[in-house]
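This is start-v6.cif. It holds mmCIF, C-alpha atoms.
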data_work
#
loop_
_atom_site.label_atom_id
_atom_site.label_comp_id
_atom_site.auth_asym_id
_atom_site.auth_seq_id
_atom_site.Cartn_x
_atom_site.Cartn_y
_atom_site.Cartn_z
CA MET A 23 35.69 -81.70 1.93
CA GLU A 24 37.84 -78.64 2.48
CA GLY A 25 36.60 -75.09 2.89
CA ASP A 26 34.41 -73.05 5.16
CA GLY A 27 30.68 -73.62 5.51
CA ARG A 28 30.23 -69.87 6.03
CA THR A 29 31.02 -69.24 2.38
CA ALA A 30 30.19 -72.54 0.66
CA PRO A 31 27.69 -72.09 -2.18
CA LEU A 32 24.11 -72.93 -1.22
CA ARG A 33 21.50 -73.20 -3.94
CA LEU A 34 18.00 -74.53 -3.36
CA GLY A 35 14.99 -74.39 -5.64
CA GLY A 36 16.85 -72.28 -8.17
CA ARG A 37 17.74 -69.67 -5.51
CA ASP A 38 21.21 -68.78 -4.32
CA LEU A 39 21.05 -68.43 -0.53
CA ALA A 40 23.77 -66.16 0.83
CA GLY A 41 24.19 -65.00 4.41
CA TYR A 42 21.68 -66.25 6.99
CA SER A 43 18.52 -67.99 5.78
CA ILE A 44 15.33 -68.53 7.76
CA MET A 45 13.48 -71.85 7.55
CA ALA A 46 9.93 -71.51 8.92
CA VAL A 47 8.34 -74.51 10.63
CA LEU A 48 4.94 -75.52 9.23
CA ASN A 49 3.41 -78.49 11.07
CA ARG A 50 0.58 -80.42 9.42
CA THR A 51 0.23 -82.40 12.63
CA PRO A 52 -2.47 -82.39 15.33
CA ASP A 53 0.03 -83.03 18.14
CA SER A 54 3.10 -80.84 17.59
CA PHE A 55 5.06 -80.24 20.81
CA TYR A 56 5.01 -76.49 20.17
CA ASP A 57 1.79 -75.40 18.46
CA ARG A 58 -0.45 -78.31 19.53
CA GLY A 59 -2.11 -78.55 16.13
CA ALA A 60 -2.59 -74.85 15.39
CA THR A 61 -1.61 -75.35 11.73
CA TYR A 62 -2.97 -78.87 11.25
CA ALA A 63 -6.02 -77.71 9.29
CA PHE A 64 -5.29 -77.10 5.62
CA ASP A 65 -6.46 -73.46 5.59
CA ALA A 66 -4.57 -72.72 8.80
CA ALA A 67 -1.43 -74.19 7.29
CA LEU A 68 -1.69 -72.00 4.20
CA ALA A 69 -2.32 -68.91 6.31
CA ALA A 70 0.78 -69.74 8.36
CA ALA A 71 2.82 -70.10 5.18
CA ASP A 72 1.57 -66.70 4.01
CA ARG A 73 2.61 -65.11 7.32
CA ALA A 74 6.02 -66.74 7.26
CA VAL A 75 6.77 -65.48 3.76
CA ALA A 76 5.54 -61.98 4.67
CA GLU A 77 7.85 -62.00 7.70
CA GLY A 78 10.88 -62.91 5.63
CA ALA A 79 11.14 -66.69 5.55
CA ASP A 80 13.42 -68.03 2.80
CA ILE A 81 12.32 -71.64 3.27
CA ILE A 82 9.06 -73.23 4.42
CA ASP A 83 9.62 -76.62 6.10
CA ILE A 84 6.43 -78.71 5.96
CA GLY A 85 6.15 -81.71 8.25
CA GLY A 86 3.40 -84.30 8.55
CA VAL A 87 4.70 -86.40 11.44
CA LYS A 88 5.40 -85.27 14.99
CA ALA A 89 9.06 -85.80 15.86
CA GLY A 90 8.44 -87.41 19.25
CA PRO A 91 6.45 -90.48 20.25
CA GLY A 92 2.72 -90.42 19.61
CA ASP A 93 0.00 -91.87 17.43
CA GLU A 94 1.25 -93.89 14.49
CA VAL A 95 1.36 -92.00 11.17
CA ASP A 96 1.71 -94.38 8.24
CA VAL A 97 2.91 -93.43 4.78
CA ALA A 98 -0.61 -92.88 3.43
CA GLU A 99 -1.48 -90.48 6.23
CA GLU A 100 1.80 -88.57 5.92
CA LEU A 101 1.16 -88.21 2.19
CA ARG A 102 -2.37 -86.94 2.86
CA ARG A 103 -1.03 -84.28 5.20
CA VAL A 104 1.86 -82.94 3.16
CA VAL A 105 1.45 -83.42 -0.61
CA ASP A 106 -1.48 -81.06 -1.16
CA THR A 107 0.12 -78.56 1.22
CA VAL A 108 3.30 -78.52 -0.82
CA ALA A 109 1.37 -78.03 -4.04
CA ALA A 110 -0.70 -75.18 -2.58
CA VAL A 111 2.28 -73.36 -1.06
CA ARG A 112 4.15 -73.70 -4.36
CA GLU A 113 1.22 -72.15 -6.22
CA ARG A 114 0.85 -69.27 -3.72
CA HIS A 115 4.56 -68.57 -3.28
CA PRO A 116 6.52 -69.57 -6.38
CA GLY A 117 9.71 -67.88 -5.14
CA VAL A 118 9.99 -69.53 -1.73
CA VAL A 119 12.05 -72.67 -1.15
CA ILE A 120 9.82 -75.55 -0.02
CA SER A 121 11.28 -78.19 2.27
CA VAL A 122 9.59 -81.32 3.57
CA ASP A 123 10.57 -82.88 6.89
CA THR A 124 10.46 -86.62 6.19
CA TRP A 125 12.66 -89.69 6.45
CA ARG A 126 10.60 -91.75 3.97
CA ALA A 127 11.67 -92.12 0.33
CA GLU A 128 8.08 -92.69 -0.82
CA VAL A 129 7.03 -89.37 0.70
CA GLY A 130 10.10 -87.67 -0.74
CA ASP A 131 9.19 -88.83 -4.23
CA ALA A 132 5.60 -87.60 -3.92
CA VAL A 133 6.47 -84.16 -2.57
CA ALA A 134 9.14 -83.72 -5.22
CA ARG A 135 6.45 -84.17 -7.86
CA ALA A 136 4.25 -81.69 -5.99
CA GLY A 137 6.88 -78.94 -6.06
CA ALA A 138 9.25 -79.41 -3.10
CA ASP A 139 12.87 -78.27 -3.38
CA LEU A 140 14.48 -79.81 -0.29
CA LEU A 141 14.14 -83.00 1.78
CA ASN A 142 14.87 -82.48 5.47
CA ASP A 143 15.91 -85.92 6.76
CA THR A 144 15.90 -85.07 10.47
CA TRP A 145 16.35 -88.70 11.56
CA GLY A 146 19.71 -89.08 9.89
CA GLY A 147 19.17 -91.55 7.07
CA PRO A 148 17.00 -94.48 8.26
CA ASP A 149 15.70 -94.88 4.69
CA PRO A 150 18.79 -95.11 2.46
CA GLU A 151 16.65 -94.52 -0.65
CA LEU A 152 15.78 -90.95 0.32
CA ALA A 153 19.08 -89.56 -0.96
CA ALA A 154 18.54 -91.34 -4.27
CA VAL A 155 15.10 -89.71 -4.52
CA ALA A 156 16.66 -86.29 -3.94
CA ALA A 157 19.21 -86.99 -6.67
CA GLU A 158 16.58 -88.26 -9.13
CA HIS A 159 14.46 -85.12 -8.79
CA GLY A 160 17.28 -82.59 -8.44
CA LEU A 161 16.31 -81.73 -4.86
CA GLY A 162 18.47 -80.63 -1.97
CA LEU A 163 18.98 -82.79 1.10
CA VAL A 164 19.59 -82.12 4.78
CA CYS A 165 21.91 -84.75 6.29
CA ALA A 166 21.33 -84.95 10.04
CA HIS A 167 22.55 -86.94 13.03
CA ALA A 168 20.17 -88.76 15.37
CA GLY A 169 22.56 -91.28 16.88
CA ARG A 170 21.13 -94.01 14.64
CA GLN A 171 17.93 -93.93 16.68
CA ALA A 172 14.69 -95.15 15.12
CA PRO A 173 12.37 -92.32 14.07
CA ARG A 174 10.12 -90.94 16.80
CA THR A 175 11.98 -92.56 19.69
CA ARG A 176 13.57 -91.01 22.75
CA PRO A 177 16.80 -92.80 23.68
CA HIS A 178 17.57 -93.57 27.32
CA ARG A 179 21.01 -92.65 28.66
CA VAL A 180 22.57 -92.25 25.22
CA GLY A 181 26.35 -91.89 25.38
CA TYR A 182 29.17 -90.78 23.08
CA ASP A 183 32.93 -90.65 23.63
CA ASP A 184 32.77 -87.26 21.86
CA VAL A 185 29.34 -86.20 20.66
CA VAL A 186 30.65 -83.56 18.25
CA ALA A 187 33.08 -86.00 16.64
CA ALA A 188 30.26 -88.52 16.27
CA VAL A 189 28.03 -85.89 14.65
CA VAL A 190 30.75 -84.72 12.25
CA ALA A 191 31.58 -88.26 11.19
CA HIS A 192 27.98 -89.22 10.50
CA VAL A 193 26.73 -86.10 8.71
CA THR A 194 29.78 -85.77 6.49
CA ALA A 195 29.54 -89.44 5.52
CA GLU A 196 25.86 -88.98 4.68
CA ALA A 197 26.63 -85.86 2.63
CA GLU A 198 29.41 -87.61 0.70
CA ARG A 199 27.12 -90.57 0.03
CA ALA A 200 24.39 -88.25 -1.28
CA LEU A 201 26.94 -86.46 -3.44
CA ALA A 202 28.06 -89.78 -4.93
CA LEU A 203 24.42 -90.62 -5.71
CA GLY A 204 24.03 -87.39 -7.66
CA VAL A 205 22.72 -84.76 -5.25
CA ARG A 206 24.32 -81.45 -6.17
CA ARG A 207 27.04 -80.29 -3.79
CA GLU A 208 25.54 -76.82 -3.49
CA SER A 209 22.20 -78.35 -2.43
CA LEU A 210 23.49 -80.36 0.53
CA LEU A 211 23.37 -79.21 4.15
CA ILE A 212 24.36 -80.83 7.43
CA ASP A 213 22.41 -80.62 10.70
CA PRO A 214 23.61 -81.79 14.13
CA ALA A 215 19.95 -82.26 15.12
CA HIS A 216 19.95 -80.99 18.68
CA ASP A 217 17.90 -83.23 21.04
CA PHE A 218 17.65 -86.04 18.46
CA GLY A 219 19.48 -88.96 20.03
CA LYS A 220 21.07 -86.53 22.50
CA ASN A 221 20.54 -85.29 26.01
CA THR A 222 20.70 -81.65 27.12
CA ARG A 223 24.40 -81.73 27.98
CA GLN A 224 25.23 -83.16 24.55
CA SER A 225 23.06 -80.61 22.72
CA LEU A 226 24.77 -77.78 24.62
CA GLU A 227 28.18 -79.21 23.72
CA ILE A 228 27.18 -79.17 20.06
CA SER A 229 26.12 -75.53 20.34
CA ARG A 230 29.44 -74.57 21.95
CA ARG A 231 31.45 -76.40 19.29
CA LEU A 232 29.29 -75.77 16.23
CA GLY A 233 32.29 -74.22 14.49
CA GLU A 234 33.69 -77.72 14.08
CA LEU A 235 30.75 -78.59 11.83
CA VAL A 236 31.15 -75.33 9.91
CA ALA A 237 34.81 -76.18 9.37
CA THR A 238 33.84 -79.30 7.38
CA GLY A 239 32.89 -76.99 4.52
CA TRP A 240 29.27 -78.12 4.32
CA PRO A 241 26.63 -75.45 5.01
CA VAL A 242 25.17 -76.00 8.49
CA LEU A 243 21.48 -75.93 9.43
CA VAL A 244 20.48 -75.57 13.07
CA ALA A 245 17.04 -76.54 14.34
CA VAL A 246 16.94 -75.45 17.98
CA SER A 247 13.70 -73.48 18.19
CA ASN A 248 12.01 -73.97 21.59
CA LYS A 249 13.63 -77.37 22.06
CA ASP A 250 13.87 -79.29 25.31
CA PHE A 251 17.57 -78.65 25.86
CA ILE A 252 16.81 -74.92 26.02
CA GLY A 253 13.87 -75.47 28.36
CA GLU A 254 15.82 -77.77 30.66
CA THR A 255 18.82 -75.44 30.80
CA LEU A 256 16.75 -72.35 31.60
CA GLY A 257 13.97 -74.05 33.54
CA ARG A 258 11.29 -72.79 31.15
CA PRO A 259 8.18 -74.43 29.66
CA VAL A 260 7.81 -74.70 25.91
CA ASP A 261 5.95 -71.40 25.55
CA LYS A 262 8.64 -69.45 27.45
CA ARG A 263 11.73 -70.47 25.51
CA GLY A 264 11.82 -67.65 22.96
CA VAL A 265 14.68 -65.71 24.56
CA GLY A 266 16.73 -68.87 24.97
CA THR A 267 16.06 -69.78 21.35
CA MET A 268 17.30 -66.40 20.13
CA ALA A 269 20.44 -66.74 22.26
CA VAL A 270 21.29 -70.12 20.72
CA LEU A 271 20.55 -68.78 17.23
CA GLY A 272 23.00 -65.93 17.85
CA VAL A 273 25.72 -68.29 19.11
CA SER A 274 25.15 -70.56 16.11
CA ALA A 275 25.18 -67.72 13.59
CA TRP A 276 28.35 -66.25 15.05
CA GLN A 277 30.09 -69.61 14.54
CA GLY A 278 28.96 -69.79 10.93
CA ALA A 279 25.63 -71.61 10.70
CA ARG A 280 23.74 -70.73 7.52
CA VAL A 281 20.12 -71.93 7.85
CA PHE A 282 17.94 -71.57 10.96
CA ARG A 283 14.74 -73.61 11.43
CA VAL A 284 12.41 -71.54 13.63
CA HIS A 285 8.85 -71.00 14.80
CA ASP A 286 9.22 -67.21 15.18
CA VAL A 287 10.30 -65.95 11.76
CA ALA A 288 10.17 -62.22 12.50
CA GLY A 289 12.05 -62.59 15.79
CA ALA A 290 14.73 -64.77 14.25
CA ARG A 291 15.13 -62.42 11.28
CA GLY A 292 15.67 -59.48 13.61
CA ALA A 293 18.15 -61.34 15.80
CA LEU A 294 20.17 -62.62 12.86
CA GLU A 295 20.30 -59.20 11.22
CA ARG A 296 21.87 -57.87 14.43
CA VAL A 297 24.39 -60.71 14.52
CA ALA A 298 25.34 -59.95 10.92
CA ALA A 299 25.77 -56.26 11.76
CA LEU A 300 28.03 -57.08 14.71
CA ARG A 301 30.14 -59.50 12.65
CA ASP A 302 30.49 -56.98 9.84
CA GLY A 303 31.16 -54.04 12.16
CA ARG A 304 28.10 -52.14 10.97
CA ARG A 305 26.14 -49.68 13.09
#

Turn this file's structure into structure tokens for me.
Amino acid sequence: MEGDGRTAPLRLGGRDLAGYSIMAVLNRTPDSFYDRGATYAFDAALAAADRAVAEGADIIDIGGVKAGPGDEVDVAEELRRVVDTVAAVRERHPGVVISVDTWRAEVGDAVARAGADLLNDTWGGPDPELAAVAAEHGLGLVCAHAGRQAPRTRPHRVGYDDVVAAVVAHVTAEAERALALGVRRESLLIDPAHDFGKNTRQSLEISRRLGELVATGWPVLVAVSNKDFIGETLGRPVDKRGVGTMAVLGVSAWQGARVFRVHDVAGARGALERVAALRDGRR
């Protein structure tokens, strides 16, 4: 695909998303690495969605399974955590784009019927039917790279000849496959998935060379908020990584990333507005 991901059309849930878009994290999990279950309860999750929208979130990304190792969450439990949440957020905020972080086609089908607009396949396509579900329901799809690791695993000594080349090859192939299945071009995004199947050095290399993903022409999503590669680089625990997160968001935005998955919506909005002003030469 030729073009520039900075300007490629991006349309999700009937909304045209231009410039920088904020995706707010909403965890329906009791063991999230960041919030430790603060939004696991249904009412707490809805309150968090309300705050995110008030602070300027364009997308709410609802997840029912912790990314890292932990207690098993089967399909039935993931459905219990996310389907009613999607339906309630859709009712409360009809104009917001609703994303669901899942790799399972069965979950994708259920949340589509509940009102989701986007499937965020963070694990890079372990269930090949998920793209077909997105196509069937007219949903968008995030095509990510996790080094072909099984969901919820942490690889040991993972290696690549060129991590960026590996990421570009995988995510563009996944996007082209989804396009062939019927997912709309303007509803597809690619995500290098920092820390997923990657060590800190590899995640930093992706951040430095993110422009190579932008150059593919597919809109790029970055999900770096408070991640381990930031903590390890700066020597900071998870609750002290905000400044590092904003720095990586700025570097990513400057290179042309379009969607930013974050825990701190207001902080990210402010940082990205300043990046946009600097790029445009505004005071």

Inset, instruction - Please provide the set of residues having any atom within 7 Å of region 243-249 of chain A, restricted to all atoms listed in the file, with same-chain residues fewer than 3 positions apart removed, written as an MDAnalysis selection string. - result: chainID A and resid 211:213 215:216 252:253 260 263:264 267 279:285

Inset, instruction - Could you check which of A:Ala89, A:Ala69, A:Val104, A:Val189 is closest to Gly169 (chain A), using only C-alpha atoms? - result: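 Nearest candidate to Gly169 (chain A) out of A:Ala89, A:Ala69, A:Val104, A:Val189: A:Val189.
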
Legend entry - Chain and number of each residue from the PyMOL selection byres ((chain A and resi 234) around 9), as a VMD selection string: chain A and resid 186 to 187 190 228 231 to 233 235 to 238 277

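If all atoms listed in the file are the atoms counted, then among A:Val185, A:Val122, A:Ala40, A:Ala67 the closest residue to Gly27 (chain A) is A:Ala40.
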
Legend entry - Two-atom distance - CA of Arg199 (chain A), CA of Ala127 (chain A) (Å):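 Answer for the CA of Arg199 (chain A) to CA of Ala127 (chain A) separation: 15.5 Å.
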
Inset, instruction - Kindly indicate which residue among A:Glu227, A:Asp184, A:Glu158, A:Asp131 lies nearest to Leu201 (chain A), using all atoms listed in the file for the distances. - result: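 Of A:Glu227, A:Asp184, A:Glu158, A:Asp131, the one nearest Leu201 (chain A) is A:Glu158, counting all atoms listed in the file.
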
Using only C-alpha atoms, which protein or nucleic acid residues come within 12 Å of Ala66 (chain A)? Drop anything in the same chain fewer than 2 positions from it, and give the result as a JSON list (two decimals) with C-alpha atoms, in the frame of the given file.
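Final output, out_36.json:
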[["chain", "number", "residue", "atom", "x", "y", "z"],
["A", 48, "LEU", "CA", 4.94, -75.52, 9.23],
["A", 49, "ASN", "CA", 3.41, -78.49, 11.07],
["A", 50, "ARG", "CA", 0.58, -80.42, 9.42],
["A", 51, "THR", "CA", 0.23, -82.40, 12.63],
["A", 52, "PRO", "CA", -2.47, -82.39, 15.33],
["A", 57, "ASP", "CA", 1.79, -75.40, 18.46],
["A", 59, "GLY", "CA", -2.11, -78.55, 16.13],
["A", 60, "ALA", "CA", -2.59, -74.85, 15.39],
["A", 61, "THR", "CA", -1.61, -75.35, 11.73],
["A", 62, "TYR", "CA", -2.97, -78.87, 11.25],
["A", 63, "ALA", "CA", -6.02, -77.71, 9.29],
["A", 64, "PHE", "CA", -5.29, -77.10, 5.62],
["A", 68, "LEU", "CA", -1.69, -72.00, 4.20],
["A", 69, "ALA", "CA", -2.32, -68.91, 6.31],
["A", 70, "ALA", "CA", 0.78, -69.74, 8.36],
["A", 71, "ALA", "CA", 2.82, -70.10, 5.18],
["A", 72, "ASP", "CA", 1.57, -66.70, 4.01],
["A", 73, "ARG", "CA", 2.61, -65.11, 7.32],
["A", 107, "THR", "CA", 0.12, -78.56, 1.22]]

Legend entry - Residues matched by the PyMOL selection byres ((chain A and resi 161-163) around 8), written as a list in words: Leu34, Gly35, Ala134, Ala138, Asp139, Leu140, Leu141, Asn142, Asp143, Ala153, Ala156, Ala157, Glu158, His159, Gly160, Val164, Cys165, Val205, Arg206, Ser209, Leu210 and Leu211 of chain A

Just so the selection is clear, what residues does the PyMOL selection byres ((chain A and resi 129) around 12) cover here, as a PDB file with C-alpha atoms, in the frame of the given file?
ATOM      1  CA  ILE A  84       6.430 -78.710   5.960  1.00  0.00           C
ATOM      2  CA  GLY A  85       6.150 -81.710   8.250  1.00  0.00           C
ATOM      3  CA  GLY A  86       3.400 -84.300   8.550  1.00  0.00           C
ATOM      4  CA  VAL A  87       4.700 -86.400  11.440  1.00  0.00           C
ATOM      5  CA  ASP A  96       1.710 -94.380   8.240  1.00  0.00           C
ATOM      6  CA  VAL A  97       2.910 -93.430   4.780  1.00  0.00           C
ATOM      7  CA  ALA A  98      -0.610 -92.880   3.430  1.00  0.00           C
ATOM      8  CA  GLU A  99      -1.480 -90.480   6.230  1.00  0.00           C
ATOM      9  CA  GLU A 100       1.800 -88.570   5.920  1.00  0.00           C
ATOM     10  CA  LEU A 101       1.160 -88.210   2.190  1.00  0.00           C
ATOM     11  CA  ARG A 102      -2.370 -86.940   2.860  1.00  0.00           C
ATOM     12  CA  ARG A 103      -1.030 -84.280   5.200  1.00  0.00           C
ATOM     13  CA  VAL A 104       1.860 -82.940   3.160  1.00  0.00           C
ATOM     14  CA  VAL A 105       1.450 -83.420  -0.610  1.00  0.00           C
ATOM     15  CA  VAL A 108       3.300 -78.520  -0.820  1.00  0.00           C
ATOM     16  CA  VAL A 122       9.590 -81.320   3.570  1.00  0.00           C
ATOM     17  CA  ASP A 123      10.570 -82.880   6.890  1.00  0.00           C
ATOM     18  CA  THR A 124      10.460 -86.620   6.190  1.00  0.00           C
ATOM     19  CA  TRP A 125      12.660 -89.690   6.450  1.00  0.00           C
ATOM     20  CA  ARG A 126      10.600 -91.750   3.970  1.00  0.00           C
ATOM     21  CA  ALA A 127      11.670 -92.120   0.330  1.00  0.00           C
ATOM     22  CA  GLU A 128       8.080 -92.690  -0.820  1.00  0.00           C
ATOM     23  CA  GLY A 130      10.100 -87.670  -0.740  1.00  0.00           C
ATOM     24  CA  ASP A 131       9.190 -88.830  -4.230  1.00  0.00           C
ATOM     25  CA  ALA A 132       5.600 -87.600  -3.920  1.00  0.00           C
ATOM     26  CA  VAL A 133       6.470 -84.160  -2.570  1.00  0.00           C
ATOM     27  CA  ALA A 134       9.140 -83.720  -5.220  1.00  0.00           C
ATOM     28  CA  ARG A 135       6.450 -84.170  -7.860  1.00  0.00           C
ATOM     29  CA  ALA A 136       4.250 -81.690  -5.990  1.00  0.00           C
ATOM     30  CA  ALA A 138       9.250 -79.410  -3.100  1.00  0.00           C
ATOM     31  CA  LEU A 141      14.140 -83.000   1.780  1.00  0.00           C
ATOM     32  CA  ASN A 142      14.870 -82.480   5.470  1.00  0.00           C
ATOM     33  CA  ASP A 143      15.910 -85.920   6.760  1.00  0.00           C
ATOM     34  CA  ASP A 149      15.700 -94.880   4.690  1.00  0.00           C
ATOM     35  CA  GLU A 151      16.650 -94.520  -0.650  1.00  0.00           C
ATOM     36  CA  LEU A 152      15.780 -90.950   0.320  1.00  0.00           C
ATOM     37  CA  VAL A 155      15.100 -89.710  -4.520  1.00  0.00           C
ATOM     38  CA  ALA A 156      16.660 -86.290  -3.940  1.00  0.00           C
TER      39      ALA A 156
END

Inset, instruction - May I ask for the distance between CA of Gly303 (chain A) and CA of Trp240 (chain A), given in Å to one decimal place? - result: 25.4 Å

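Going from CA of Asp38 (chain A) to CA of Ala288 (chain A) covers 21.2 Å.
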
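Using all atoms listed in the file, the nearest neighbour of Thr222 (chain A) within the list A:Ala191, A:Ala298, A:Val180, A:Ala154 is A:Val180.
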
Legend entry - Residue nearest Leu32 (chain A) among A:Arg296, A:Arg304, A:Arg207, A:Arg223 (counting all atoms listed in the file):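 Ranked by minimum distance to Leu32 (chain A), first place goes to A:Arg207.
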